[in-house]
>>> print(open('input.cif').read())   # mmCIF, C-alpha atoms and all ligand atoms
data_model
#
loop_
_atom_site.label_atom_id
_atom_site.label_comp_id
_atom_site.auth_asym_id
_atom_site.auth_seq_id
_atom_site.Cartn_x
_atom_site.Cartn_y
_atom_site.Cartn_z
CA MET A 1 38.13 -8.37 50.80
CA THR A 2 39.12 -5.71 53.35
CA LYS A 3 42.51 -6.27 54.95
CA VAL A 4 44.26 -4.31 57.68
CA PRO A 5 47.29 -2.85 55.85
CA LEU A 6 49.75 -3.71 58.62
CA PRO A 7 51.94 -6.74 59.30
CA PRO A 8 50.20 -9.13 61.72
CA ALA A 9 50.59 -8.30 65.43
CA ALA A 10 52.82 -10.68 67.42
CA GLY A 11 50.88 -13.75 68.53
CA THR A 12 48.02 -13.25 66.07
CA ALA A 13 48.94 -16.26 63.94
CA GLU A 14 48.81 -18.56 66.99
CA HIS A 15 45.71 -17.05 68.57
CA PRO A 16 42.40 -16.75 66.72
CA CYS A 17 41.08 -14.57 69.57
CA LEU A 18 43.80 -11.98 68.84
CA ALA A 19 43.14 -12.30 65.10
CA LEU A 20 39.48 -11.47 65.76
CA ALA A 21 40.31 -8.63 68.19
CA ASN A 22 42.75 -7.17 65.65
CA SER A 23 40.39 -7.47 62.68
CA THR A 24 39.62 -3.82 63.28
CA VAL A 25 42.32 -1.22 63.89
CA THR A 26 42.81 2.53 63.90
CA LEU A 27 45.49 3.44 61.36
CA PRO A 28 48.12 6.16 61.92
CA GLY A 29 46.00 8.61 59.87
CA GLY A 30 43.09 8.05 62.29
CA GLN A 31 40.84 6.08 59.92
CA ARG A 32 39.44 2.75 61.08
CA VAL A 33 39.75 -0.40 59.01
CA ASP A 34 37.35 -3.28 59.66
CA GLU A 35 37.94 -6.66 58.03
CA LEU A 36 34.41 -7.73 59.02
CA ASN A 37 32.57 -4.79 57.48
CA ASN A 38 30.00 -6.88 55.58
CA PRO A 39 28.79 -10.51 55.50
CA GLU A 40 30.97 -11.40 52.48
CA ASN A 41 34.11 -10.11 54.19
CA ALA A 42 33.20 -11.79 57.46
CA THR A 43 32.85 -15.11 55.63
CA ALA A 44 36.16 -14.57 53.79
CA TRP A 45 37.81 -13.78 57.12
CA LEU A 46 36.57 -17.06 58.66
CA ILE A 47 37.85 -19.03 55.66
CA MET A 48 41.21 -17.21 55.65
CA HIS A 49 41.72 -18.09 59.33
CA GLU A 50 40.73 -21.71 58.69
CA LEU A 51 37.71 -21.35 60.96
CA ALA A 52 35.28 -22.33 58.20
CA PRO A 53 35.59 -24.65 55.19
CA VAL A 54 36.73 -23.10 51.90
CA ASP A 55 33.37 -23.82 50.24
CA THR A 56 31.42 -21.97 52.94
CA GLY A 57 28.62 -20.02 51.30
CA LEU A 58 27.65 -16.56 52.24
CA LEU A 59 26.44 -16.44 55.81
CA ALA A 60 24.34 -13.33 56.09
CA TYR A 61 24.00 -13.46 59.86
CA CYS A 62 27.62 -14.24 60.66
CA GLN A 63 28.90 -10.69 60.49
CA LEU A 64 26.89 -9.38 63.43
CA GLN A 65 27.60 -12.44 65.59
CA LEU A 66 31.31 -12.17 64.93
CA THR A 67 31.51 -8.44 65.52
CA ASP A 68 29.59 -8.86 68.81
CA LEU A 69 32.07 -11.50 69.96
CA ARG A 70 34.93 -9.23 68.85
CA LYS A 71 33.54 -6.40 70.99
CA ASP A 72 33.38 -8.71 74.01
CA ILE A 73 36.88 -10.12 73.47
CA ARG A 74 38.35 -6.65 72.97
CA LYS A 75 36.72 -5.42 76.20
CA VAL A 76 38.03 -8.36 78.21
CA LEU A 77 41.51 -8.04 76.66
CA GLU A 78 41.46 -4.32 77.42
CA SER A 79 40.55 -4.80 81.10
CA HIS A 80 43.08 -7.64 81.37
CA THR A 81 45.92 -5.46 80.06
CA GLN A 82 44.81 -2.62 82.38
CA GLY A 83 44.60 -4.92 85.41
CA GLU A 84 40.92 -4.03 85.78
CA VAL A 85 37.85 -6.12 86.58
CA PRO A 86 36.34 -7.37 83.30
CA ASN A 87 32.85 -6.36 82.25
CA ALA A 88 30.40 -9.12 83.27
CA GLY A 89 28.40 -8.74 80.08
CA SER A 90 31.51 -9.27 77.95
CA LEU A 91 32.49 -12.37 79.92
CA GLY A 92 28.93 -13.57 79.37
CA GLY A 93 29.27 -13.03 75.61
CA ILE A 94 32.45 -15.13 75.49
CA ASN A 95 30.80 -17.83 77.60
CA ARG A 96 27.76 -17.91 75.33
CA ALA A 97 30.06 -18.49 72.35
CA LEU A 98 31.86 -21.23 74.31
CA THR A 99 28.69 -23.11 75.13
CA ALA A 100 26.51 -22.47 72.06
CA VAL A 101 27.53 -25.61 70.20
CA PRO A 102 27.43 -29.26 71.15
CA ASN A 103 30.89 -30.79 71.06
CA ALA A 104 29.87 -34.42 71.06
CA ALA A 105 30.24 -36.40 67.83
CA LEU A 106 26.92 -37.96 66.87
CA LEU A 107 26.20 -41.63 66.27
CA GLN A 108 24.92 -42.27 62.73
CA TYR A 109 24.33 -45.18 60.41
CA ASP A 110 25.80 -45.40 56.91
CA THR A 111 24.68 -48.23 54.57
CA ASP A 112 28.31 -48.86 53.50
CA LYS A 113 30.18 -48.16 56.70
CA GLY A 114 27.62 -49.12 59.31
CA LEU A 115 27.55 -47.21 62.57
CA LEU A 116 29.92 -44.29 62.80
CA ARG A 117 30.57 -41.11 64.77
CA VAL A 118 30.32 -37.85 62.87
CA PRO A 119 31.00 -34.33 64.10
CA SER A 120 27.79 -32.37 64.55
CA HIS A 121 28.59 -29.50 62.20
CA PRO A 122 25.50 -28.59 60.23
CA THR A 123 26.15 -25.66 57.92
CA THR A 124 23.81 -23.48 59.93
CA GLN A 125 26.13 -23.88 62.91
CA LEU A 126 29.37 -23.07 61.09
CA VAL A 127 29.62 -19.62 62.56
CA ASN A 128 28.79 -20.89 66.03
CA HIS A 129 31.53 -23.50 65.75
CA ALA A 130 34.03 -20.89 64.58
CA MET A 131 33.04 -18.61 67.45
CA ALA A 132 33.36 -21.46 69.95
CA GLN A 133 36.95 -22.04 68.74
CA ILE A 134 37.75 -18.34 69.08
CA ALA A 135 36.15 -18.13 72.54
CA GLU A 136 38.00 -21.29 73.63
CA ASP A 137 41.27 -19.69 72.53
CA ALA A 138 40.42 -16.49 74.44
CA ALA A 139 39.60 -18.43 77.61
CA ALA A 140 42.78 -20.53 77.27
CA VAL A 141 45.18 -17.66 76.58
CA LEU A 142 43.72 -15.40 79.30
CA THR A 143 44.23 -18.10 81.93
CA GLY A 144 47.36 -19.75 80.49
CA PRO A 145 51.10 -19.19 80.94
CA ASP A 146 51.11 -16.37 78.35
CA ALA A 147 48.33 -14.39 80.07
CA HIS A 148 50.75 -11.83 81.55
CA ARG A 149 52.35 -11.28 78.13
CA ILE A 150 49.15 -10.06 76.48
CA ALA A 151 49.46 -6.35 75.83
CA ARG A 152 47.96 -3.54 73.86
CA CYS A 153 50.15 -1.82 71.26
CA ALA A 154 51.69 1.31 72.81
CA SER A 155 51.94 3.16 69.52
CA THR A 156 48.87 5.42 69.41
CA PRO A 157 46.45 5.41 67.69
CA CYS A 158 47.07 1.69 67.00
CA ASP A 159 44.78 -0.35 69.22
CA ARG A 160 45.84 -3.89 68.40
CA PHE A 161 46.50 -6.56 70.98
CA MET A 162 49.52 -8.86 70.94
CA VAL A 163 51.50 -11.40 72.91
CA ARG A 164 54.82 -9.85 73.95
CA THR A 165 57.63 -11.86 72.39
CA HIS A 166 60.01 -10.39 74.98
CA ALA A 167 59.40 -8.55 78.25
CA ARG A 168 60.03 -5.06 76.89
CA ARG A 169 58.14 -5.39 73.65
CA GLN A 170 55.68 -2.50 73.41
CA TRP A 171 54.57 -2.55 69.80
CA CYS A 172 52.45 -4.91 67.79
CA SER A 173 54.71 -4.70 64.76
CA GLU A 174 57.94 -3.18 63.48
CA ARG A 175 55.93 -0.54 61.70
CA CYS A 176 54.31 0.69 64.93
CA GLY A 177 57.70 0.62 66.68
CA ALA A 178 59.32 2.73 63.97
CA ARG A 179 56.45 5.24 64.07
CA GLN A 180 56.69 5.55 67.85
CA ARG A 181 60.48 6.09 67.74
CA ALA A 182 60.03 8.74 65.07
CA ASN A 183 57.34 10.48 67.16
CA ARG A 184 59.58 10.47 70.23
CA ALA A 185 62.56 11.82 68.28
CA TYR A 186 60.32 14.58 66.94
CA ALA A 187 59.02 15.38 70.44
CA ARG A 188 62.59 15.58 71.80
CA LYS A 189 63.55 17.95 68.99
CA GLN A 190 60.54 20.15 69.80
CA ASP A 191 61.58 20.21 73.49
CA LYS A 192 65.13 21.31 72.66
CA SER A 193 64.21 24.05 70.20
CA PRO A 194 64.16 27.53 71.82
CA ALA A 195 60.77 28.77 72.88
CA ALA A 196 59.26 31.11 70.32
ZN ZN B 201 50.48 -1.32 66.69
#
>>> encode(input="input.cif", output="structure tokens")
Amino acid sequence: MTKVPLPPAAGTAEHPCLALANSTVTLPGGQRVDELNNPENATAWLIMHELAPVDTGLLAYCQLQLTDLRKDIRKVLESHTQGEVPNAGSLGGINRALTAVPNAALLQYDTDKGLLRVPSHPTTQLVNHAMAQIAEDAAAVLTGPDAHRIARCASTPCDRFMVRTHARRQWCSERCGARQRANRAYARKQDKSPAA
């Protein structure tokens, strides 16, 4: 399983939409890590984030669907943090994920229990249900009381999104904060040294 070798960005544990957005990141060395780089890893990611049952089999088509939703969520988060108008196509992608699954519990008959309601979660729709949960979270957080606290990590090249835990928080994690402070200290030192 591929894992981003950084501590989770603030707010990721509470928000599956940030977990999905941050499942790919540019590391300080410039290389990109992608936790959804093949169907097996995409399935493991869904299970790890409790968006699919532990016994979920390999879902060959889930990787592409998830990475498409990730692209749309990242674009909308990006425009939100920049105060720009979101891309209509990306909003459409999130809305498709929101509406792709029926939410109503079905009425069924069981010889022991009689009539009962059961959630309509056929295995083939597992990924769609997971994506609906992620899209629901994105729609809720982008319109909720924390919307103004969503930010992009200021420590280049890190491109993770987070929820600011306090107004002046600029970095997704301690590690990015430490790197940024070190970079600034280095830049100040360069400024002060006599011109060659
Ligand atoms: Zn960061």
>>> closest_residue(input="input.cif", among="A:Gln170, A:Asn95, A:Asn183, A:Thr56", to="ligand ZN 201 (chain B)", atoms="all atoms listed in the file")
A:Gln170
>>> residues_around(input="input.cif", residues="stretch 139-154 of chain A", least_positions_apart="4", cutoff="6 Å", atoms="all atoms listed in the file", output="list in words")
Thr81, Asp159, Arg160, Phe161, Met162, Val163, Arg164, Gln170, Trp171 and Cys172 of chain A
>>> axis_aligned_box(input="input.cif", around="stretch 29-36 of chain A", padding_each_side="3 Å", output="JSON")
{"center_x": 40.2, "center_y": 0.4, "center_z": 60.2, "size_x": 17.6, "size_y": 22.3, "size_z": 10.3}
>>> closest_residue(input="input.cif", among="A:Glu50, A:Leu36, A:Leu77, A:Thr165", to="A:Leu64", atoms="all atoms listed in the file")
A:Leu36
>>> atom_distance(input="input.cif", atom1="atom CA of A:Gln108", atom2="atom CA of A:Thr43")
29.2 Å
>>> residues_around(input="input.cif", residues="A:Leu106", least_positions_apart="6", cutoff="9 Å", atoms="all atoms listed in the file", output="MDAnalysis selection string")
chainID A and resid 116:120
>>> residues_around(input="input.cif", residues="A:Ser173", least_positions_apart="6", cutoff="9 Å", atoms="only C-alpha atoms", output="list in words")
Leu6, Pro7, Pro8, Ala9, Ala10 and Cys153 of chain A
>>> atom_distance(input="input.cif", atom1="atom CA of A:Leu66", atom2="atom CA of A:Met131")
7.1 Å
>>> closest_residue(input="input.cif", among="A:Leu115, A:Val25, A:Leu20, A:Ala185", to="ligand ZN 201 (chain B)", atoms="all atoms listed in the file")
A:Val25
>>> closest_residue(input="input.cif", among="A:Asp191, A:Glu78, A:Asp112, A:Glu174", to="ligand ZN 201 (chain B)", atoms="all atoms listed in the file")
A:Glu174
>>> atom_distance(input="input.cif", atom1="atom CA of A:Val4", atom2="atom CA of A:Pro157")
14.1 Å
>>> closest_residue(input="input.cif", among="A:Ala13, A:Ile134, A:Ala104, A:Leu27", to="ligand ZN 201 (chain B)", atoms="only C-alpha atoms and all ligand atoms")
A:Leu27
>>> closest_residue(input="input.cif", among="A:Asn37, A:Gln180, A:Gln82, A:Ser90", to="ligand ZN 201 (chain B)", atoms="all atoms listed in the file")
A:Gln180
>>> residues_near_point(input="input.cif", point="(35.8, -5.0, 83.0)", cutoff="12 Å", atoms="all atoms listed in the file", output="number ranges by chain")
A: 72-92
>>> residues_near_point(input="input.cif", point="(32.2, -18.5, 73.4)", cutoff="9 Å", atoms="all atoms listed in the file", output="list in words")
Leu69, Leu91, Gly92, Gly93, Ile94, Asn95, Arg96, Ala97, Leu98, Thr99, Ala100, Asn128, Met131, Ala132, Gln133, Ile134, Ala135, Glu136, Ala138 and Ala139 of chain A
